[in-house]
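Note: the block below is query30.pdb and it holds PDB, C-alpha atoms, pLDDT in the B column.
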```
ATOM      1  CA  MET A   1      15.822 -75.327 137.907  1.00 86.00           C
ATOM      2  CA  VAL A   2      19.561 -75.918 138.016  1.00 87.00           C
ATOM      3  CA  VAL A   3      21.303 -77.542 135.062  1.00 88.00           C
ATOM      4  CA  ARG A   4      25.047 -78.164 134.770  1.00 91.00           C
ATOM      5  CA  ARG A   5      26.798 -78.086 131.406  1.00 91.00           C
ATOM      6  CA  ARG A   6      30.365 -77.954 130.137  1.00 94.00           C
ATOM      7  CA  VAL A   7      31.570 -75.197 127.850  1.00 93.00           C
ATOM      8  CA  HIS A   8      33.084 -76.531 124.630  1.00 94.00           C
ATOM      9  CA  ALA A   9      34.760 -74.124 122.183  1.00 94.00           C
ATOM     10  CA  GLY A  10      32.751 -71.232 123.628  1.00 92.00           C
ATOM     11  CA  HIS A  11      29.412 -73.035 123.243  1.00 92.00           C
ATOM     12  CA  VAL A  12      26.983 -74.192 125.911  1.00 91.00           C
ATOM     13  CA  TYR A  13      24.248 -76.710 125.115  1.00 91.00           C
ATOM     14  CA  LEU A  14      21.214 -75.618 127.087  1.00 90.00           C
ATOM     15  CA  GLY A  15      19.107 -78.705 126.474  1.00 91.00           C
ATOM     16  CA  ARG A  16      15.459 -79.230 125.694  1.00 92.00           C
ATOM     17  CA  GLU A  17      14.229 -78.800 129.273  1.00 92.00           C
ATOM     18  CA  VAL A  18      15.847 -75.361 129.637  1.00 90.00           C
ATOM     19  CA  LEU A  19      14.630 -74.192 126.224  1.00 91.00           C
ATOM     20  CA  ASN A  20      11.101 -75.393 126.976  1.00 91.00           C
ATOM     21  CA  ALA A  21      11.110 -73.656 130.363  1.00 91.00           C
ATOM     22  CA  LEU A  22      12.073 -70.382 128.654  1.00 88.00           C
ATOM     23  CA  GLY A  23       9.696 -70.861 125.731  1.00 88.00           C
ATOM     24  CA  ILE A  24      12.575 -70.827 123.252  1.00 89.00           C
ATOM     25  CA  ARG A  25      12.454 -72.904 120.070  1.00 87.00           C
ATOM     26  CA  ASP A  26      15.232 -73.885 117.707  1.00 85.00           C
ATOM     27  CA  GLY A  27      16.093 -70.895 115.530  1.00 83.00           C
ATOM     28  CA  ASP A  28      14.678 -68.283 117.943  1.00 84.00           C
ATOM     29  CA  GLU A  29      16.740 -65.230 118.776  1.00 84.00           C
ATOM     30  CA  VAL A  30      17.821 -64.817 122.396  1.00 88.00           C
ATOM     31  CA  GLU A  31      19.250 -61.943 124.384  1.00 89.00           C
ATOM     32  CA  LEU A  32      22.137 -62.493 126.787  1.00 92.00           C
ATOM     33  CA  GLU A  33      22.862 -60.128 129.648  1.00 94.00           C
ATOM     34  CA  VAL A  34      25.750 -60.391 132.098  1.00 95.00           C
ATOM     35  CA  ARG A  35      24.832 -59.230 135.604  1.00 95.00           C
ATOM     36  CA  GLY A  36      27.336 -59.475 138.411  1.00 94.00           C
ATOM     37  CA  GLY A  37      29.009 -62.634 137.157  1.00 92.00           C
ATOM     38  CA  GLU A  38      25.767 -64.316 136.067  1.00 93.00           C
ATOM     39  CA  VAL A  39      24.280 -64.619 132.592  1.00 91.00           C
ATOM     40  CA  VAL A  40      20.590 -63.972 132.002  1.00 91.00           C
ATOM     41  CA  VAL A  41      19.142 -65.595 128.869  1.00 89.00           C
ATOM     42  CA  ARG A  42      15.770 -64.431 127.591  1.00 87.00           C
ATOM     43  CA  PRO A  43      13.926 -64.860 124.314  1.00 86.00           C
ATOM     44  CA  VAL A  44      13.682 -61.806 122.074  1.00 84.00           C
ATOM     45  CA  ARG A  45      10.019 -61.116 121.556  1.00 78.00           C
ATOM     46  CA  GLY A  46       8.504 -59.862 118.336  1.00 76.00           C
ATOM     47  CA  VAL A  47       8.416 -56.184 117.464  1.00 74.00           C
ATOM     48  CA  ASP A  48       5.369 -54.367 118.844  1.00 75.00           C
ATOM     49  CA  ARG A  49       2.787 -52.755 116.556  1.00 80.00           C
ATOM     50  CA  ASP A  50       3.914 -49.160 117.242  1.00 83.00           C
ATOM     51  CA  THR A  51       7.471 -49.988 116.198  1.00 80.00           C
ATOM     52  CA  LEU A  52       6.232 -51.733 113.043  1.00 78.00           C
ATOM     53  CA  ASP A  53       4.139 -48.652 112.183  1.00 82.00           C
ATOM     54  CA  LEU A  54       7.153 -46.389 112.689  1.00 84.00           C
ATOM     55  CA  LEU A  55       9.339 -48.584 110.475  1.00 80.00           C
ATOM     56  CA  ARG A  56       6.668 -48.551 107.763  1.00 82.00           C
ATOM     57  CA  LEU A  57       6.392 -44.755 108.003  1.00 83.00           C
ATOM     58  CA  LEU A  58      10.156 -44.306 107.738  1.00 82.00           C
ATOM     59  CA  LYS A  59      10.270 -46.472 104.625  1.00 80.00           C
ATOM     60  CA  GLU A  60       7.540 -44.379 102.998  1.00 77.00           C
ATOM     61  CA  VAL A  61       9.077 -40.966 103.723  1.00 72.00           C
ATOM     62  CA  LYS A  62      10.238 -39.283 100.536  1.00 64.00           C
ATOM     63  CA  SER A  63      12.996 -36.710 100.334  1.00 57.00           C
ATOM     64  CA  GLY A  64      11.664 -33.146 100.284  1.00 61.00           C
ATOM     65  CA  GLY A  65      14.330 -31.838  97.954  1.00 61.00           C
ATOM     66  CA  GLY A  66      14.462 -32.046  94.207  1.00 62.00           C
ATOM     67  CA  ARG A  67      17.260 -32.807  91.804  1.00 60.00           C
ATOM     68  CA  GLU A  68      18.687 -29.287  92.077  1.00 60.00           C
ATOM     69  CA  ASP A  69      19.167 -29.752  95.825  1.00 61.00           C
ATOM     70  CA  TYR A  70      21.682 -32.487  95.177  1.00 61.00           C
ATOM     71  CA  PHE A  71      23.188 -32.063  91.720  1.00 61.00           C
ATOM     72  CA  GLU A  72      23.091 -28.413  90.661  1.00 62.00           C
ATOM     73  CA  GLU A  73      24.756 -25.398  92.203  1.00 66.00           C
ATOM     74  CA  TYR A  74      22.730 -22.647  93.813  1.00 63.00           C
ATOM     75  CA  ASP A  75      23.012 -18.962  93.113  1.00 64.00           C
ATOM     76  CA  TYR A  76      23.660 -17.799  96.665  1.00 65.00           C
ATOM     77  CA  GLY A  77      23.850 -14.123  95.645  1.00 65.00           C
ATOM     78  CA  ASP A  78      20.160 -13.600  96.310  1.00 63.00           C
ATOM     79  CA  VAL A  79      20.111 -15.334  99.698  1.00 65.00           C
ATOM     80  CA  GLY A  80      19.495 -13.044 102.651  1.00 62.00           C
ATOM     81  CA  GLY A  81      18.731 -10.055 100.798  1.00 53.00           C
TER      82      GLY A  81
END
```
Can you give me the file's structure in the form of structure tokens?
Amino acid sequence: MVVRRRVHAGHVYLGREVLNALGIRDGDEVELEVRGGEVVVRPVRGVDRDTLDLLRLLKEVKSGGGREDYFEEYDYGDVGG
């Protein structure tokens, strides 16, 4: 499919037929890649389950240190010996 459009103020209107062919709806996020003078447009797909699990795990991780690790000074005289 070849479609010609004019660029206006840095914007290109792709049109319904192009969006439908790519499976892109209004408001979807797209990824643009420039390859050798051509632009590749592809829809950004949802995050896979493994990535969602990792994000959930990272949100749940608690700091291992207590208050003294951040706000009180240590007595380093007994370290190492």
Using all atoms of region 40-59 of chain A that appear in the file, construct an axis-aligned enclosing box with 8 Å of padding on every side and provide its centre coordinates and edge lengths in Å, rounded to one decimal, as lines of an AutoDock Vina configuration file.
```
center_x = 11.7
center_y = -55.0
center_z = 118.3
size_x = 33.8
size_y = 37.3
size_z = 43.4
```
Resolved residues for the PyMOL selection byres ((chain A and resi 3) around 9) as a VMD selection string: chain A and resid 1 to 2 4 to 5 14 to 15 18
Non-local contacts of Asp28 (chain A) (12 Å; only C-alpha atoms; under 5 positions in same chain excluded) as JSON, numbers by chain: {"A": [19, 22, 23, 42, 43, 44, 45, 46]}
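Distance-wise, CA of Val12 (chain A) and CA of Val47 (chain A) end up 27.2 Å apart.
For the pair CA of Glu31 (chain A) and CA of Arg56 (chain A), the separation is 24.8 Å.
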Computed interatomic separation between CA of Gly36 (chain A) and CA of Glu17 (chain A) (Å): 25.1 Å
Can you rebuild region 26-51 of chain A with N, CA and C atoms and give it as an mmCIF file, in the frame of the given file?
```
data_model
loop_
_atom_site.group_PDB
_atom_site.id
_atom_site.type_symbol
_atom_site.label_atom_id
_atom_site.label_comp_id
_atom_site.auth_asym_id
_atom_site.auth_seq_id
_atom_site.Cartn_x
_atom_site.Cartn_y
_atom_site.Cartn_z
ATOM 1 N N ASP A 26 14.062 -73.868 118.581
ATOM 2 C CA ASP A 26 15.232 -73.885 117.707
ATOM 3 C C ASP A 26 15.092 -72.789 116.656
ATOM 4 N N GLY A 27 16.107 -71.975 116.500
ATOM 5 C CA GLY A 27 16.093 -70.895 115.530
ATOM 6 C C GLY A 27 15.640 -69.559 116.091
ATOM 7 N N ASP A 28 15.094 -69.540 117.320
ATOM 8 C CA ASP A 28 14.678 -68.283 117.943
ATOM 9 C C ASP A 28 15.898 -67.437 118.290
ATOM 10 N N GLU A 29 15.684 -66.144 118.353
ATOM 11 C CA GLU A 29 16.740 -65.230 118.776
ATOM 12 C C GLU A 29 16.646 -65.041 120.284
ATOM 13 N N VAL A 30 17.797 -65.031 120.951
ATOM 14 C CA VAL A 30 17.821 -64.817 122.396
ATOM 15 C C VAL A 30 18.702 -63.620 122.718
ATOM 16 N N GLU A 31 18.467 -63.066 123.880
ATOM 17 C CA GLU A 31 19.250 -61.943 124.384
ATOM 18 C C GLU A 31 20.015 -62.422 125.605
ATOM 19 N N LEU A 32 21.305 -62.118 125.652
ATOM 20 C CA LEU A 32 22.137 -62.493 126.787
ATOM 21 C C LEU A 32 22.551 -61.228 127.518
ATOM 22 N N GLU A 33 22.451 -61.265 128.830
ATOM 23 C CA GLU A 33 22.862 -60.128 129.648
ATOM 24 C C GLU A 33 23.729 -60.649 130.790
ATOM 25 N N VAL A 34 24.863 -60.011 131.001
ATOM 26 C CA VAL A 34 25.750 -60.391 132.098
ATOM 27 C C VAL A 34 25.482 -59.437 133.256
ATOM 28 N N ARG A 35 25.119 -60.006 134.397
ATOM 29 C CA ARG A 35 24.832 -59.230 135.604
ATOM 30 C C ARG A 35 25.624 -59.810 136.764
ATOM 31 N N GLY A 36 26.596 -59.064 137.221
ATOM 32 C CA GLY A 36 27.336 -59.475 138.411
ATOM 33 C C GLY A 36 27.851 -60.895 138.364
ATOM 34 N N GLY A 37 28.443 -61.303 137.251
ATOM 35 C CA GLY A 37 29.009 -62.634 137.157
ATOM 36 C C GLY A 37 28.022 -63.713 136.766
ATOM 37 N N GLU A 38 26.775 -63.357 136.512
ATOM 38 C CA GLU A 38 25.767 -64.316 136.067
ATOM 39 C C GLU A 38 25.269 -63.909 134.685
ATOM 40 N N VAL A 39 24.817 -64.888 133.919
ATOM 41 C CA VAL A 39 24.280 -64.619 132.592
ATOM 42 C C VAL A 39 22.773 -64.841 132.620
ATOM 43 N N VAL A 40 22.043 -63.866 132.122
ATOM 44 C CA VAL A 40 20.590 -63.972 132.002
ATOM 45 C C VAL A 40 20.278 -64.200 130.526
ATOM 46 N N VAL A 41 19.540 -65.263 130.233
ATOM 47 C CA VAL A 41 19.142 -65.595 128.869
ATOM 48 C C VAL A 41 17.640 -65.408 128.776
ATOM 49 N N ARG A 42 17.207 -64.617 127.780
ATOM 50 C CA ARG A 42 15.770 -64.431 127.591
ATOM 51 C C ARG A 42 15.467 -64.408 126.102
ATOM 52 N N PRO A 43 14.295 -64.901 125.725
ATOM 53 C CA PRO A 43 13.926 -64.860 124.314
ATOM 54 C C PRO A 43 13.656 -63.420 123.886
ATOM 55 N N VAL A 44 14.006 -63.114 122.640
ATOM 56 C CA VAL A 44 13.682 -61.806 122.074
ATOM 57 C C VAL A 44 12.275 -61.924 121.518
ATOM 58 N N ARG A 45 11.415 -61.086 122.000
ATOM 59 C CA ARG A 45 10.019 -61.116 121.556
ATOM 60 C C ARG A 45 9.871 -60.338 120.262
ATOM 61 N N GLY A 46 8.769 -60.555 119.588
ATOM 62 C CA GLY A 46 8.504 -59.862 118.336
ATOM 63 C C GLY A 46 8.413 -58.355 118.527
ATOM 64 N N VAL A 47 8.486 -57.638 117.441
ATOM 65 C CA VAL A 47 8.416 -56.184 117.464
ATOM 66 C C VAL A 47 6.968 -55.772 117.680
ATOM 67 N N ASP A 48 6.742 -54.796 118.572
ATOM 68 C CA ASP A 48 5.369 -54.367 118.844
ATOM 69 C C ASP A 48 4.796 -53.563 117.677
ATOM 70 N N ARG A 49 3.493 -53.391 117.673
ATOM 71 C CA ARG A 49 2.787 -52.755 116.556
ATOM 72 C C ARG A 49 3.243 -51.314 116.329
ATOM 73 N N ASP A 50 3.475 -50.549 117.398
ATOM 74 C CA ASP A 50 3.914 -49.160 117.242
ATOM 75 C C ASP A 50 5.255 -49.080 116.524
ATOM 76 N N THR A 51 6.165 -49.973 116.859
ATOM 77 C CA THR A 51 7.471 -49.988 116.198
ATOM 78 C C THR A 51 7.330 -50.375 114.735
#
```
